[in-house]
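Shown below: data.tsv, with TSV, C-alpha atoms.
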chain	number	residue	atom	x	y	z
A	1	MET	CA	89.50	117.75	71.51
A	2	ILE	CA	86.17	116.31	72.67
A	3	ASN	CA	82.94	118.23	73.05
A	4	ILE	CA	81.04	117.49	76.27
A	5	LEU	CA	77.32	118.26	76.61
A	6	TYR	CA	75.44	118.41	79.92
A	7	PHE	CA	71.67	117.95	80.04
A	8	ALA	CA	68.77	118.46	82.46
A	9	ARG	CA	69.72	118.90	86.12
A	10	LEU	CA	73.43	118.53	85.30
A	11	ARG	CA	73.34	121.63	83.13
A	12	GLU	CA	71.67	123.56	85.95
A	13	GLN	CA	73.92	122.17	88.69
A	14	LEU	CA	77.16	122.79	86.79
A	15	GLY	CA	76.12	126.12	85.32
A	16	THR	CA	77.15	125.13	81.80
A	17	GLU	CA	75.60	123.27	78.92
A	18	SER	CA	78.82	122.31	77.15
A	19	GLU	CA	82.59	122.52	77.08
A	20	ALA	CA	85.50	121.44	74.94
A	21	LEU	CA	88.19	119.38	76.61
A	22	GLU	CA	91.54	118.34	75.23
A	23	LEU	CA	91.83	114.58	74.91
A	24	THR	CA	94.93	113.49	76.83
A	25	ALA	CA	96.58	110.08	77.19
A	26	ASP	CA	94.79	109.44	80.50
A	27	LEU	CA	91.33	110.07	79.00
A	28	THR	CA	90.53	106.82	77.25
A	29	ASP	CA	86.95	106.02	78.19
A	30	ILE	CA	83.84	107.37	79.89
A	31	ALA	CA	85.02	106.21	83.33
A	32	SER	CA	88.28	108.17	83.08
A	33	LEU	CA	86.41	111.23	81.83
A	34	ILE	CA	84.02	111.08	84.79
A	35	SER	CA	87.01	110.73	87.12
A	36	ARG	CA	88.61	113.82	85.57
A	37	LEU	CA	85.40	115.83	85.93
A	38	ARG	CA	84.93	114.70	89.56
A	39	SER	CA	88.47	115.76	90.39
A	40	ARG	CA	87.44	119.38	89.85
A	41	GLY	CA	85.74	119.18	93.25
A	42	GLY	CA	82.74	121.15	94.49
A	43	VAL	CA	79.62	120.83	92.37
A	44	TRP	CA	81.53	118.63	89.92
A	45	GLU	CA	82.23	116.08	92.66
A	46	GLU	CA	78.58	116.22	93.70
A	47	ALA	CA	77.26	115.88	90.15
A	48	PHE	CA	79.46	112.94	89.14
A	49	GLY	CA	80.04	111.26	92.48
A	50	GLY	CA	77.81	108.28	92.97
A	51	SER	CA	74.45	108.91	91.41
A	52	THR	CA	73.60	106.95	88.31
A	53	MET	CA	74.62	108.87	85.22
A	54	MET	CA	73.79	108.06	81.64
A	55	SER	CA	76.20	108.89	78.86
A	56	ALA	CA	76.35	108.86	75.10
A	57	ILE	CA	79.16	109.11	72.57
A	58	ASN	CA	78.21	110.63	69.23
A	59	GLN	CA	74.52	110.18	70.14
A	60	GLU	CA	74.84	106.47	70.93
A	61	VAL	CA	74.33	105.16	74.46
A	62	ALA	CA	77.65	104.48	76.16
A	63	ASN	CA	78.85	102.75	79.33
A	64	PRO	CA	81.84	103.46	81.60
A	65	ALA	CA	84.13	101.26	79.47
A	66	SER	CA	83.15	102.90	76.17
A	67	ARG	CA	86.22	104.35	74.45
A	68	ILE	CA	86.42	108.03	73.57
A	69	GLN	CA	88.41	109.42	70.68
A	70	ASP	CA	89.51	112.80	69.46
A	71	GLY	CA	86.56	114.63	67.88
A	72	ASP	CA	83.88	112.73	69.81
A	73	GLU	CA	80.81	114.37	71.27
A	74	VAL	CA	80.13	113.05	74.77
A	75	ALA	CA	76.82	113.74	76.49
A	76	PHE	CA	75.92	113.25	80.15
A	77	PHE	CA	72.37	113.18	81.46
A	78	PRO	CA	70.49	111.81	84.45
A	79	PRO	CA	68.34	108.70	83.99
A	80	VAL	CA	64.94	109.38	82.52
A	81	THR	CA	61.89	108.25	84.42
A	82	GLY	CA	58.34	108.15	83.21
A	83	GLY	CA	55.08	108.54	84.92

Show me the file's structure as structure tokens.
Amino acid sequence: MINILYFARLREQLGTESEALELTADLTDIASLISRLRSRGGVWEEAFGGSTMMSAINQEVANPASRIQDGDEVAFFPPVTGG
């Protein structure tokens, strides 16, 4: 099981701040997790389809190829801009 956290506009857009998801054989990295979430369609497709998304695994910045393991906490958030 992995725990997924959604921050900022993602939390608002998806209507949830977190969820637990069973880690299956096809979920091996951030890219495959994003693909799984996008496949839900609707707002999920919009949220994860094309805009730049930042991710972290266990509070460390991750990239699409970063491996996920059972028990990991995965966070998704939009890029932060300053001003």

Q. Taking all atoms listed in the file into account, which of A:Ala8, A:Met53, A:Val74, A:Ile2 comes nearest Leu23 of chain A?
A.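 With all atoms listed in the file as the atom set, the closest residue is A:Ile2.
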
Q) So which one's closest to Thr16 of chain A, A:Glu46, A:Asp72, A:Ile57, A:Ile4? Using only C-alpha atoms, please. A)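 The closest residue to Thr16 of chain A is A:Ile4.
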
Q. Excluding same-chain residues fewer than 2 positions from Glu45 of chain A, what lies within 12 Å of it counting all atoms listed in the file, as an MDAnalysis selection string?
A. chainID A and resid 10 13:14 34:43 47:51

Q) So, counting all atoms listed in the file, which residue among A:Gln69, A:Met1, A:Phe7, A:Glu60 is closest to Glu22 of chain A? A)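 Among the listed residues, the smallest separation from Glu22 of chain A belongs to A:Met1.
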
(Q) Measuring between only C-alpha atoms, which one of A:Phe77, A:Trp44, A:Glu19, A:Leu33 shows the shortest distance to Ala65 of chain A? (A)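 That would be A:Leu33, the residue with the smallest distance to Ala65 of chain A.
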
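Between Ser32 of chain A and the candidates A:Ile68, A:Met54, A:Ala20, A:Leu5, the tightest atom-to-atom separation, counting only C-alpha atoms, involves A:Ile68.
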
Q.
Counting only C-alpha atoms, I want the residues whose atoms come within 7 Å of (85.0, 105.0, 75.2) in the file frame, returned as a list in words.
A. Thr28, Asp29, Ile30, Ala65, Ser66, Arg67 and Ile68 of chain A

Q: One decimal, Å: what's the distance from atom CA of Pro79 of chain A over to atom CA of Ala25 of chain A, could you say?
A: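 Computing it gives 29.1 Å between the two atoms.
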
Q.
One number please: atom CA of Glu73 of chain A to atom CA of Asn3 of chain A, in Å, one decimal.
A.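 A separation of 4.8 Å between them.
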
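The residue that comes closest to Phe76 of chain A, out of A:Glu17, A:Arg9, A:Pro64, A:Ser55 and on the basis of all atoms listed in the file, is A:Ser55.
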
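One finds atom CA of Thr52 of chain A at 6.9 Å from atom CA of Pro78 of chain A.
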
Taking all atoms of segment 63-75 of chain A that appear in the file, build a box with edges along x, y and z, extend it by 6 Å on every side, and state its centre and edge lengths in Å to one decimal, as JSON.
{"center_x": 83.2, "center_y": 107.9, "center_z": 74.7, "size_x": 24.7, "size_y": 25.4, "size_z": 25.7}
